[in-house]
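Shown next: structure11.csv, containing CSV, C-alpha atoms.
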```csv
chain,number,residue,atom,x,y,z
Y,1,MET,CA,-17.9,27.1,-10.0
Y,2,GLY,CA,-15.2,26.9,-12.6
Y,3,LEU,CA,-12.5,24.3,-12.9
Y,4,SER,CA,-9.6,26.7,-12.3
Y,5,TRP,CA,-8.8,25.1,-8.9
Y,6,MET,CA,-8.0,21.9,-10.8
Y,7,ALA,CA,-5.2,23.8,-12.6
Y,8,TRP,CA,-5.6,22.0,-15.9
Y,9,THR,CA,-2.9,22.2,-18.5
Y,10,TRP,CA,-2.8,20.8,-22.0
Y,11,PRO,CA,0.0,18.3,-21.4
Y,12,THR,CA,-1.7,16.7,-18.3
Y,13,ALA,CA,-5.1,16.8,-20.1
Y,14,THR,CA,-3.5,15.0,-23.1
Y,15,PHE,CA,-2.1,12.4,-20.7
Y,16,PHE,CA,-5.6,11.6,-19.3
Y,17,VAL,CA,-7.2,11.6,-22.7
Y,18,VAL,CA,-4.6,9.0,-23.8
Y,19,VAL,CA,-5.2,6.9,-20.8
Y,20,VAL,CA,-9.0,7.0,-21.4
Y,21,LEU,CA,-8.5,6.3,-25.1
Y,22,SER,CA,-6.4,3.3,-24.3
Y,23,ILE,CA,-9.3,1.9,-22.2
Y,24,VAL,CA,-11.7,2.7,-25.0
Y,25,VAL,CA,-9.5,0.9,-27.5
Y,26,MET,CA,-9.5,-2.1,-25.2
Y,27,GLY,CA,-13.3,-2.0,-25.2
Y,28,ILE,CA,-13.4,-2.0,-29.0
Y,29,TRP,CA,-10.8,-4.7,-29.2
Y,30,GLU,CA,-12.9,-6.8,-26.8
Y,31,ARG,CA,-15.9,-6.3,-29.0
Y,32,PHE,CA,-14.1,-7.8,-32.1
Y,33,SER,CA,-12.3,-10.5,-30.3
Y,34,PRO,CA,-14.0,-11.3,-27.0
Y,35,GLY,CA,-12.5,-13.2,-24.1
Y,36,GLY,CA,-9.5,-11.0,-23.5
Y,37,ASN,CA,-7.0,-13.6,-24.9
Y,38,PRO,CA,-5.8,-15.0,-21.6
Y,39,ARG,CA,-2.4,-16.6,-21.7
Y,40,ARG,CA,0.7,-17.4,-19.6
Y,41,GLY,CA,3.6,-15.2,-20.7
Y,42,ILE,CA,7.3,-15.3,-20.2
Y,43,PHE,CA,7.2,-14.2,-16.6
Y,44,GLY,CA,4.8,-17.1,-15.8
Y,45,LEU,CA,1.9,-14.7,-15.2
Y,46,ASP,CA,-1.6,-15.4,-16.3
Y,47,THR,CA,-2.7,-12.3,-18.0
Y,48,THR,CA,-5.6,-11.0,-20.1
Y,49,ARG,CA,-5.4,-8.0,-22.4
Y,50,GLY,CA,-6.7,-5.8,-19.5
Y,51,ASP,CA,-3.9,-7.0,-17.2
Y,52,ARG,CA,-1.4,-6.4,-19.9
Y,53,LEU,CA,-2.6,-2.8,-20.3
Y,54,PHE,CA,-2.4,-2.3,-16.6
Y,55,ILE,CA,1.1,-3.7,-16.4
Y,56,SER,CA,2.1,-1.6,-19.3
Y,57,TRP,CA,0.9,1.7,-17.8
Y,58,LEU,CA,2.3,0.9,-14.4
Y,59,GLY,CA,5.7,0.0,-15.9
Y,60,THR,CA,5.6,3.2,-17.9
Y,61,GLY,CA,5.3,5.2,-14.7
Y,62,PHE,CA,8.4,3.6,-13.3
Y,63,ILE,CA,10.3,3.9,-16.5
Y,64,ASN,CA,9.7,7.6,-16.8
Y,65,LEU,CA,10.5,8.2,-13.1
Y,66,GLY,CA,13.7,6.2,-13.5
Y,67,TRP,CA,14.6,8.3,-16.6
Y,68,LEU,CA,14.0,11.5,-14.6
Y,69,ALA,CA,16.0,10.2,-11.7
Y,70,PHE,CA,19.0,9.3,-13.8
Y,71,TYR,CA,19.0,11.5,-16.9
Y,72,GLY,CA,16.4,14.3,-16.2
Y,73,ALA,CA,14.3,16.2,-18.7
Y,74,PRO,CA,13.6,16.0,-21.6
Y,75,LEU,CA,11.7,12.7,-21.4
Y,76,TRP,CA,12.0,11.5,-25.0
Y,77,GLY,CA,14.2,8.6,-23.9
Y,78,GLY,CA,11.7,7.6,-21.3
Y,79,LEU,CA,8.9,7.8,-23.9
Y,80,PHE,CA,10.7,5.5,-26.4
Y,81,LEU,CA,11.5,3.0,-23.6
Y,82,SER,CA,7.8,3.1,-22.6
Y,83,ILE,CA,6.6,2.4,-26.1
Y,84,GLY,CA,9.1,-0.5,-26.3
Y,85,TRP,CA,7.8,-1.7,-22.9
Y,86,PHE,CA,4.2,-1.6,-24.2
Y,87,ILE,CA,5.1,-3.6,-27.3
Y,88,PHE,CA,7.1,-6.1,-25.2
Y,89,VAL,CA,4.2,-6.5,-22.6
Y,90,PHE,CA,1.5,-7.0,-25.3
Y,91,ARG,CA,3.7,-9.4,-27.3
Y,92,TYR,CA,5.3,-11.6,-24.6
Y,93,VAL,CA,3.9,-11.1,-21.1
D,94,MET,CA,-24.9,-24.6,-14.7
D,95,ASN,CA,-25.5,-22.1,-17.5
D,96,LYS,CA,-24.3,-18.6,-16.7
D,97,THR,CA,-26.4,-15.8,-18.1
D,98,GLN,CA,-24.4,-13.3,-19.9
D,99,ASN,CA,-26.0,-9.9,-19.6
D,100,ASN,CA,-23.8,-6.9,-19.9
D,101,LYS,CA,-26.7,-4.6,-18.8
D,102,ALA,CA,-25.7,-5.4,-15.2
D,103,TRP,CA,-22.8,-3.1,-15.6
D,104,TRP,CA,-25.2,-0.1,-15.4
D,105,LEU,CA,-25.6,-1.0,-11.7
D,106,VAL,CA,-21.9,0.0,-11.2
D,107,VAL,CA,-22.6,3.5,-12.4
D,108,PRO,CA,-23.4,5.0,-8.9
D,109,VAL,CA,-20.2,3.6,-7.5
D,110,LEU,CA,-18.3,5.0,-10.4
D,111,ILE,CA,-19.8,8.5,-9.9
D,112,LEU,CA,-18.9,8.3,-6.2
D,113,VAL,CA,-15.3,7.2,-6.9
D,114,ALA,CA,-15.0,9.9,-9.5
D,115,PHE,CA,-15.6,12.5,-6.9
D,116,ASN,CA,-13.6,11.1,-4.1
D,117,ALA,CA,-10.7,9.6,-6.0
D,118,PHE,CA,-10.4,10.4,-9.7
D,119,ILE,CA,-10.9,14.1,-9.6
D,120,PRO,CA,-8.6,14.7,-6.6
D,121,LEU,CA,-6.0,12.4,-8.3
D,122,MET,CA,-6.3,14.4,-11.5
D,123,THR,CA,-5.8,17.6,-9.6
D,124,VAL,CA,-2.7,16.2,-7.9
D,125,VAL,CA,-1.3,15.2,-11.4
D,126,ASN,CA,-2.0,18.8,-12.6
D,127,TYR,CA,-0.3,20.3,-9.5
D,128,ALA,CA,2.8,18.1,-9.9
D,129,PHE,CA,3.8,19.9,-13.0
D,130,GLN,CA,3.2,23.4,-11.8
D,131,GLU,CA,4.2,26.0,-9.3
D,132,THR,CA,1.7,28.1,-7.4
D,133,PHE,CA,1.9,31.0,-4.9
D,134,GLY,CA,-1.8,30.8,-4.1
D,135,ASP,CA,-4.7,32.6,-5.6
D,136,ASN,CA,-5.2,29.9,-8.2
D,137,VAL,CA,-2.3,31.2,-10.3
D,138,PHE,CA,-0.2,28.4,-11.7
D,139,PHE,CA,3.1,28.4,-13.6
D,140,TRP,CA,4.2,25.5,-15.8
D,141,GLU,CA,7.3,23.8,-14.4
D,142,GLY,CA,7.5,20.6,-16.5
D,143,THR,CA,9.2,17.7,-14.7
D,144,THR,CA,11.2,19.8,-12.3
D,145,TRP,CA,9.5,18.6,-9.2
D,146,PHE,CA,9.8,15.0,-10.1
D,147,GLU,CA,13.5,15.4,-10.7
D,148,GLN,CA,13.9,17.4,-7.5
D,149,VAL,CA,12.0,14.8,-5.3
D,150,LEU,CA,13.7,11.8,-6.9
D,151,ARG,CA,17.1,13.2,-6.4
D,152,SER,CA,16.6,14.7,-2.9
D,153,GLY,CA,18.3,13.1,0.0
D,154,ARG,CA,15.4,13.9,2.2
D,155,PHE,CA,13.0,11.8,0.1
D,156,HIS,CA,15.5,8.9,-0.1
D,157,ASP,CA,15.9,9.0,3.7
D,158,ALA,CA,12.2,9.0,4.3
D,159,LEU,CA,11.8,6.1,1.8
D,160,ILE,CA,14.5,4.1,3.6
D,161,ARG,CA,12.9,4.8,7.0
D,162,GLN,CA,9.5,3.8,5.6
D,163,PHE,CA,10.8,0.5,4.2
D,164,LEU,CA,12.7,-0.2,7.4
D,165,PHE,CA,9.7,0.5,9.6
D,166,THR,CA,7.3,-1.6,7.4
D,167,GLY,CA,9.9,-4.5,7.3
D,168,MET,CA,10.4,-4.4,11.0
D,169,ILE,CA,6.7,-4.4,12.0
D,170,LEU,CA,6.0,-7.2,9.4
D,171,ALA,CA,8.9,-9.3,10.7
D,172,ILE,CA,7.5,-8.9,14.3
D,173,GLU,CA,3.8,-8.9,13.8
D,174,VAL,CA,3.4,-11.8,11.3
D,175,PRO,CA,5.2,-14.5,13.4
D,176,LEU,CA,3.8,-13.1,16.6
D,177,GLY,CA,0.3,-13.0,15.2
D,178,VAL,CA,0.5,-16.6,13.9
D,179,GLY,CA,2.0,-17.7,17.2
D,180,VAL,CA,-0.8,-16.2,19.3
D,181,ALA,CA,-3.4,-17.5,16.9
D,182,LEU,CA,-2.0,-21.0,17.4
D,183,THR,CA,-2.1,-20.8,21.2
D,184,MET,CA,-5.7,-19.5,21.4
D,185,PRO,CA,-8.3,-22.0,22.5
D,186,ARG,CA,-10.6,-23.4,19.8
D,187,LYS,CA,-13.5,-24.4,22.1
D,188,GLY,CA,-15.0,-23.3,25.4
D,189,PRO,CA,-15.9,-20.1,27.1
D,190,TRP,CA,-12.4,-18.7,26.8
D,191,VAL,CA,-12.8,-18.3,23.0
D,192,SER,CA,-15.0,-15.2,23.3
D,193,VAL,CA,-12.8,-13.7,26.1
D,194,CYS,CA,-9.7,-14.1,23.9
D,195,LEU,CA,-11.5,-12.7,20.8
D,196,VAL,CA,-12.8,-9.7,22.6
D,197,LEU,CA,-9.4,-9.0,24.2
D,198,MET,CA,-7.7,-9.3,20.8
D,199,ALA,CA,-10.3,-7.0,19.2
D,200,LEU,CA,-9.8,-4.2,21.8
D,201,PRO,CA,-6.7,-2.5,20.4
D,202,LEU,CA,-8.2,-2.5,16.9
D,203,LEU,CA,-11.2,-0.5,18.1
D,204,ILE,CA,-9.0,2.4,19.5
D,205,PRO,CA,-8.7,5.3,17.1
D,206,TRP,CA,-5.2,6.0,15.7
D,207,ASN,CA,-4.7,9.4,17.4
D,208,VAL,CA,-5.8,7.9,20.8
D,209,VAL,CA,-3.2,5.1,20.4
D,210,GLY,CA,-0.6,7.8,19.7
D,211,ALA,CA,-1.6,9.9,22.7
D,212,MET,CA,-1.8,6.8,25.0
D,213,TRP,CA,1.7,5.7,24.1
D,214,ASN,CA,3.0,9.2,24.3
D,215,ILE,CA,1.9,9.5,27.9
D,216,PHE,CA,2.8,5.9,28.6
D,217,ALA,CA,6.4,6.4,27.4
D,218,LEU,CA,7.1,9.9,28.9
D,219,PRO,CA,10.3,9.6,30.9
D,220,ASP,CA,9.1,11.7,33.9
D,221,ILE,CA,5.5,10.6,34.4
D,222,GLY,CA,4.7,7.7,32.0
D,223,LEU,CA,4.5,4.2,33.4
D,224,LEU,CA,6.9,2.8,30.8
D,225,GLY,CA,9.3,5.7,30.7
D,226,TYR,CA,9.5,6.2,34.4
D,227,THR,CA,10.0,2.4,35.1
D,228,LEU,CA,12.7,2.0,32.5
D,229,ASN,CA,14.6,5.0,33.9
D,230,SER,CA,14.1,3.9,37.5
D,231,ILE,CA,15.8,0.5,36.8
D,232,GLY,CA,18.7,2.3,35.3
D,233,ILE,CA,18.0,2.3,31.6
D,234,ASP,CA,18.4,5.7,30.1
D,235,TYR,CA,15.3,6.1,28.0
D,236,ASN,CA,13.8,9.2,26.5
D,237,PHE,CA,12.0,8.9,23.2
D,238,THR,CA,11.9,12.7,22.7
D,239,ARG,CA,15.6,12.9,22.3
D,240,GLN,CA,17.0,9.4,21.5
D,241,PRO,CA,16.4,8.2,17.9
D,242,PHE,CA,16.7,4.6,18.9
D,243,ALA,CA,14.2,4.9,21.8
D,244,ALA,CA,11.8,6.8,19.5
D,245,TRP,CA,12.0,4.0,16.9
D,246,MET,CA,11.5,1.3,19.4
D,247,THR,CA,8.5,3.0,20.9
D,248,THR,CA,6.9,3.5,17.5
D,249,VAL,CA,7.5,-0.1,16.5
D,250,VAL,CA,6.2,-1.5,19.8
D,251,MET,CA,3.2,0.8,19.5
D,252,ASP,CA,2.4,-0.5,16.1
D,253,VAL,CA,2.9,-4.1,17.2
D,254,TRP,CA,0.6,-3.5,20.1
D,255,HIS,CA,-2.1,-1.9,17.9
D,256,TRP,CA,-2.1,-4.2,14.9
D,257,THR,CA,-0.8,-7.7,15.8
D,258,SER,CA,-4.4,-8.5,16.8
D,259,LEU,CA,-5.5,-8.1,13.2
D,260,ILE,CA,-3.2,-10.8,12.1
D,261,VAL,CA,-4.2,-13.0,15.1
D,262,LEU,CA,-7.9,-12.7,14.3
D,263,LEU,CA,-7.4,-13.4,10.6
D,264,CYS,CA,-5.2,-16.4,11.3
D,265,TYR,CA,-7.6,-17.6,13.9
D,266,ALA,CA,-10.4,-17.5,11.3
D,267,GLY,CA,-8.2,-19.6,9.0
D,268,LEU,CA,-7.3,-22.1,11.7
D,269,SER,CA,-10.9,-22.6,12.8
D,270,SER,CA,-11.9,-23.6,9.3
D,271,ILE,CA,-9.7,-26.7,9.6
D,272,PRO,CA,-11.9,-29.8,10.4
D,273,ASP,CA,-10.9,-32.0,13.4
D,274,ASP,CA,-10.5,-35.0,11.0
D,275,TYR,CA,-7.2,-33.5,9.8
D,276,TYR,CA,-5.7,-33.4,13.2
D,277,GLN,CA,-7.0,-36.9,14.0
D,278,ALA,CA,-5.4,-38.2,10.8
D,279,ALA,CA,-2.1,-36.4,11.7
D,280,HIS,CA,-2.3,-37.9,15.2
D,281,ILE,CA,-2.7,-41.4,13.9
D,282,ASP,CA,0.2,-40.9,11.5
D,283,GLY,CA,2.3,-39.7,14.5
D,284,ALA,CA,3.0,-36.3,13.0
D,285,SER,CA,5.1,-33.9,15.0
D,286,ARG,CA,3.8,-30.5,16.2
D,287,TRP,CA,6.0,-28.9,13.5
D,288,ALA,CA,4.7,-31.2,10.8
D,289,ILE,CA,1.1,-30.4,11.7
D,290,PHE,CA,1.9,-26.7,11.5
D,291,ARG,CA,3.8,-27.0,8.2
D,292,TYR,CA,1.5,-29.3,6.3
D,293,ILE,CA,-2.0,-28.7,7.8
D,294,GLN,CA,-2.2,-25.3,9.5
D,295,LEU,CA,0.1,-23.2,7.4
D,296,PRO,CA,-1.5,-24.2,4.0
D,297,LYS,CA,-5.0,-23.5,5.4
D,298,MET,CA,-3.8,-20.1,6.7
D,299,LYS,CA,-2.0,-19.1,3.5
D,300,ARG,CA,-4.9,-17.2,2.0
D,301,VAL,CA,-5.9,-15.2,5.1
D,302,LEU,CA,-2.2,-14.7,5.9
D,303,THR,CA,-1.6,-13.1,2.5
D,304,ILE,CA,-4.5,-10.8,3.0
D,305,ALA,CA,-3.2,-10.0,6.5
D,306,ILE,CA,0.3,-9.2,5.2
D,307,LEU,CA,-1.2,-7.0,2.4
D,308,LEU,CA,-3.3,-5.1,4.9
D,309,ARG,CA,-0.4,-4.6,7.3
D,310,PHE,CA,1.9,-3.6,4.5
D,311,MET,CA,-0.4,-1.0,3.1
D,312,ASP,CA,-1.4,0.3,6.5
D,313,SER,CA,2.1,0.7,7.8
D,314,PHE,CA,3.3,2.1,4.5
D,315,MET,CA,0.9,5.0,4.8
D,316,ILE,CA,1.2,5.3,8.6
D,317,TYR,CA,0.7,8.9,9.7
D,318,THR,CA,-1.3,9.6,12.8
D,319,GLU,CA,0.3,7.3,15.4
D,320,PRO,CA,3.9,8.5,14.9
D,321,PHE,CA,2.8,12.0,14.3
D,322,VAL,CA,1.1,12.1,17.7
D,323,LEU,CA,3.8,10.1,19.4
D,324,THR,CA,7.0,11.7,18.1
D,325,GLY,CA,5.9,14.2,15.5
D,326,GLY,CA,8.5,12.7,13.2
D,327,GLY,CA,11.3,13.5,15.6
D,328,PRO,CA,13.8,13.6,17.3
D,329,GLY,CA,15.1,15.5,14.3
D,330,ASN,CA,13.8,13.6,11.3
D,331,THR,CA,14.4,10.1,12.6
D,332,THR,CA,10.8,8.9,12.6
D,333,THR,CA,9.7,11.1,9.7
D,334,PHE,CA,8.0,8.5,7.5
D,335,LEU,CA,6.8,9.1,3.9
D,336,SER,CA,3.4,10.4,4.8
D,337,ILE,CA,4.7,12.7,7.6
D,338,ASP,CA,7.3,14.1,5.2
D,339,LEU,CA,4.6,14.6,2.6
D,340,VAL,CA,2.3,16.5,4.9
D,341,LYS,CA,5.3,18.6,6.1
D,342,ILE,CA,6.1,19.6,2.4
D,343,ALA,CA,2.5,20.1,1.4
D,344,LEU,CA,1.0,21.9,4.4
D,345,GLY,CA,4.0,22.9,6.4
D,346,GLN,CA,5.9,24.5,3.6
D,347,PHE,CA,3.0,24.9,1.2
D,348,ASP,CA,5.1,23.5,-1.6
D,349,LEU,CA,2.2,22.0,-3.5
D,350,GLY,CA,4.2,21.1,-6.6
D,351,PRO,CA,6.9,19.0,-5.0
D,352,ALA,CA,4.3,17.5,-2.6
D,353,ALA,CA,2.1,16.5,-5.6
D,354,ALA,CA,5.1,14.9,-7.4
D,355,MET,CA,6.0,13.0,-4.2
D,356,SER,CA,2.4,11.8,-3.8
D,357,LEU,CA,2.4,10.4,-7.4
D,358,ILE,CA,5.7,8.6,-6.8
D,359,TYR,CA,4.2,7.3,-3.5
D,360,PHE,CA,1.0,6.3,-5.3
D,361,LEU,CA,2.9,4.4,-8.0
D,362,MET,CA,4.7,2.4,-5.3
D,363,VAL,CA,1.5,1.5,-3.6
D,364,LEU,CA,-0.1,0.6,-6.9
D,365,LEU,CA,2.8,-1.8,-7.7
D,366,THR,CA,2.6,-3.4,-4.3
D,367,CYS,CA,-1.2,-3.9,-4.6
D,368,TRP,CA,-0.8,-5.4,-8.0
D,369,ALA,CA,1.9,-7.8,-6.8
D,370,PHE,CA,-0.1,-9.0,-3.8
D,371,TYR,CA,-3.3,-9.3,-5.9
D,372,THR,CA,-1.4,-11.4,-8.4
D,373,ILE,CA,0.0,-13.6,-5.7
D,374,MET,CA,-3.5,-14.0,-4.1
D,375,MET,CA,-5.1,-14.9,-7.4
D,376,ARG,CA,-2.5,-17.5,-8.0
D,377,ASN,CA,-3.0,-19.0,-4.5
D,378,GLU,CA,-6.7,-19.2,-5.2
D,379,GLU,CA,-6.2,-21.2,-8.4
D,380,GLN,CA,-4.0,-23.8,-6.7
```
Before we go any further, please render this structure as structure tokens.
Amino acid sequence: MGLSWMAWTWPTATFFVVVVLSIVVMGIWERFSPGGNPRRGIFGLDTTRGDRLFISWLGTGFINLGWLAFYGAPLWGGLFLSIGWFIFVFRYV
Amino acid sequence: MNKTQNNKAWWLVVPVLILVAFNAFIPLMTVVNYAFQETFGDNVFFWEGTTWFEQVLRSGRFHDALIRQFLFTGMILAIEVPLGVGVALTMPRKGPWVSVCLVLMALPLLIPWNVVGAMWNIFALPDIGLLGYTLNSIGIDYNFTRQPFAAWMTTVVMDVWHWTSLIVLLCYAGLSSIPDDYYQAAHIDGASRWAIFRYIQLPKMKRVLTIAILLRFMDSFMIYTEPFVLTGGGPGNTTTFLSIDLVKIALGQFDLGPAAAMSLIYFLMVLLTCWAFYTIMMRNEEQ
């Protein structure tokens, strides 16, 4: 049984590799500074690093969908907004 | 108490992870792959980029289904939550009637979705169904197979009939955890019925009620079988909710790409709702 039914492509595989890598980075980060750095951010939410990663990824999904709905391809604008969102969430939320 | 920190316990999670990988991660990854490609069968795929996402996000059909979905979920929550709380408040706390009430309440929950749909379909048929025939006999023109309003009402009432019990049972569990002392104290203070509800019963029910609303939201947001059996999404498209539309696109038209893109959008919305409810629940627990 091959994996042809899963219809892998390089872009989608890269996406999943990046998601997995982000979780691995979280693991390494936890090793060097355990506890997850819990805090209450500007939205009044109690978050740890893991929560912030989740919020970042979830937000990224909606940012890119919004970009596609209003501007369409290519997604570079959505990508830059997403990076900005990641930095914002990890810094302030 | 000293908690033992031992990360080796994480290995016990491995079987679950393998199971979840096969029934959730791998299918989800496949859906992601399909969402960016076009296929005409035979495992031959053509790269399409973000075309399907743009198409789905801008299609009136998706917007309409989404609006219908939110309207339906909003309606059933607005009816089922107050009704469920109300019924739970009137149920007896002691005596032989407790078990009778609980069994009666649990009955609709035990009936499979497709049976509920079939039951209500027959029940509401204008020519032979008890409900449909009665309504028409007393002069109300009712036919859920051709009137959008009638189809909506029947679907909503069917869902209320099927699922209000869940809210009742959860709220009843919350209510029975309140000790009698609370009521005695309220009685001595001369608290009104409303004050007892507002300051004793509602706070005690808050946690179970949040879970009940989350469950009802998720379940009604992905509702498929009951309206599919009852109305088939019709008349026209008036009761075509998100999941019915999704199946029409994926299996009816065999448009796997757009269907996959729509599933992912659907999935993100569900994920956001789950996260929001989880955050609210965790906050309630801390208080």
* **Y:Gly59, Y:Gly84, Y:Gly27, Y:Gly77 ranked by distance to chain D, top pick (using all atoms listed in the file)** =>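 With all atoms listed in the file as the atom set, the closest residue is Y:Gly59.
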With a distance threshold of 7 Å and counting all atoms listed in the file, extract the residues of chain Y near chain D and express them as a PDB file with C-alpha atoms, in the coordinates of the input.
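This is the output file part00.pdb:
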```
ATOM      1  CA  SER Y   4      -9.600  26.700 -12.300  1.00  0.00           C
ATOM      2  CA  TRP Y   5      -8.800  25.100  -8.900  1.00  0.00           C
ATOM      3  CA  MET Y   6      -8.000  21.900 -10.800  1.00  0.00           C
ATOM      4  CA  ALA Y   7      -5.200  23.800 -12.600  1.00  0.00           C
ATOM      5  CA  TRP Y   8      -5.600  22.000 -15.900  1.00  0.00           C
ATOM      6  CA  THR Y   9      -2.900  22.200 -18.500  1.00  0.00           C
ATOM      7  CA  THR Y  12      -1.700  16.700 -18.300  1.00  0.00           C
ATOM      8  CA  LEU Y  68      14.000  11.500 -14.600  1.00  0.00           C
ATOM      9  CA  ALA Y  69      16.000  10.200 -11.700  1.00  0.00           C
ATOM     10  CA  GLY Y  72      16.400  14.300 -16.200  1.00  0.00           C
ATOM     11  CA  ALA Y  73      14.300  16.200 -18.700  1.00  0.00           C
TER      12      ALA Y  73
END
```
* Residue with smallest distance to Leu81 in chain Y - pool Y:Ile42, Y:Val93, Y:Leu65, Y:Leu3, counting all atoms listed in the file ->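 Under the stated criterion, the closest residue is Y:Leu65.
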* At most 12 Å from (0.3, 7.6, 23.6), file frame, all atoms listed in the file: which residues, as JSON, numbers by chain? -> {"D": [204, 205, 206, 207, 208, 209, 210, 211, 212, 213, 214, 215, 216, 217, 218, 222, 223, 224, 225, 237, 247, 248, 250, 251, 252, 254, 255, 318, 319, 320, 321, 322, 323, 324, 325]}
Could you pull the residues within 8 Å of Leu170 in chain D, counting only C-alpha atoms, minus those fewer than 3 positions along the same chain, as a PDB file with C-alpha atoms, in the coordinates of the input?
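Dumped everything to around39.pdb:
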```
ATOM      1  CA  THR D 166       7.300  -1.600   7.400  1.00  0.00           C
ATOM      2  CA  GLY D 167       9.900  -4.500   7.300  1.00  0.00           C
ATOM      3  CA  GLU D 173       3.800  -8.900  13.800  1.00  0.00           C
ATOM      4  CA  VAL D 174       3.400 -11.800  11.300  1.00  0.00           C
ATOM      5  CA  ILE D 306       0.300  -9.200   5.200  1.00  0.00           C
ATOM      6  CA  ARG D 309      -0.400  -4.600   7.300  1.00  0.00           C
ATOM      7  CA  PHE D 310       1.900  -3.600   4.500  1.00  0.00           C
TER       8      PHE D 310
END
```
Write out as a PDB file with C-alpha atoms, keeping the file's coordinate frame the residues lying within 10 Å of Ser22 in chain Y, counting all atoms listed in the file and excluding same-chain residues fewer than 5 positions away.
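Printed below is out-v4.pdb as written:
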```pdb
ATOM      1  CA  PHE Y  16      -5.600  11.600 -19.300  1.00  0.00           C
ATOM      2  CA  VAL Y  17      -7.200  11.600 -22.700  1.00  0.00           C
ATOM      3  CA  GLY Y  27     -13.300  -2.000 -25.200  1.00  0.00           C
ATOM      4  CA  ILE Y  28     -13.400  -2.000 -29.000  1.00  0.00           C
ATOM      5  CA  LEU Y  53      -2.600  -2.800 -20.300  1.00  0.00           C
ATOM      6  CA  TRP Y  57       0.900   1.700 -17.800  1.00  0.00           C
TER       7      TRP Y  57
END
```
* To do: Mind checking which residues fall within 10 Å of Arg91 in chain Y, counting only C-alpha atoms, ignoring those fewer than 5 positions away in the same chain, and posting them as a list of chain:residue names?
  => Y:Gly41, Y:Ile42, Y:Arg52, Y:Trp85, Y:Phe86
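Ranking D:Ala343, D:Ile289, D:Leu259, D:Ile271 by their shortest atom-to-atom distance to Leu203 in chain D, with all atoms listed in the file included, puts D:Leu259 first.
Relative to CA of Leu202 in chain D, CA of Trp256 in chain D is found at 6.6 Å.
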* To do: Find the residues near Cys194 in chain D: any atom within 12 Å, counting all atoms listed in the file, skip ones fewer than 6 places away on the same chain, and give them as a ChimeraX atom specification.
  => /D:180-181,183-188,200,258,261-262,265
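Minimum atom-to-atom distance to Ile55 in chain Y, evaluated using all atoms listed in the file, belongs to Y:Phe90 out of Y:Trp67, Y:Trp29, Y:Phe80, Y:Phe90.
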* **Gap from CA of Ala305 in chain D to CA of Ile260 in chain D - Å, one decimal** =>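 One can read the CA of Ala305 in chain D to CA of Ile260 in chain D distance as 5.7 Å.
With CA of Arg300 in chain D on one side and CA of Tyr317 in chain D on the other, the separation reads 27.8 Å.
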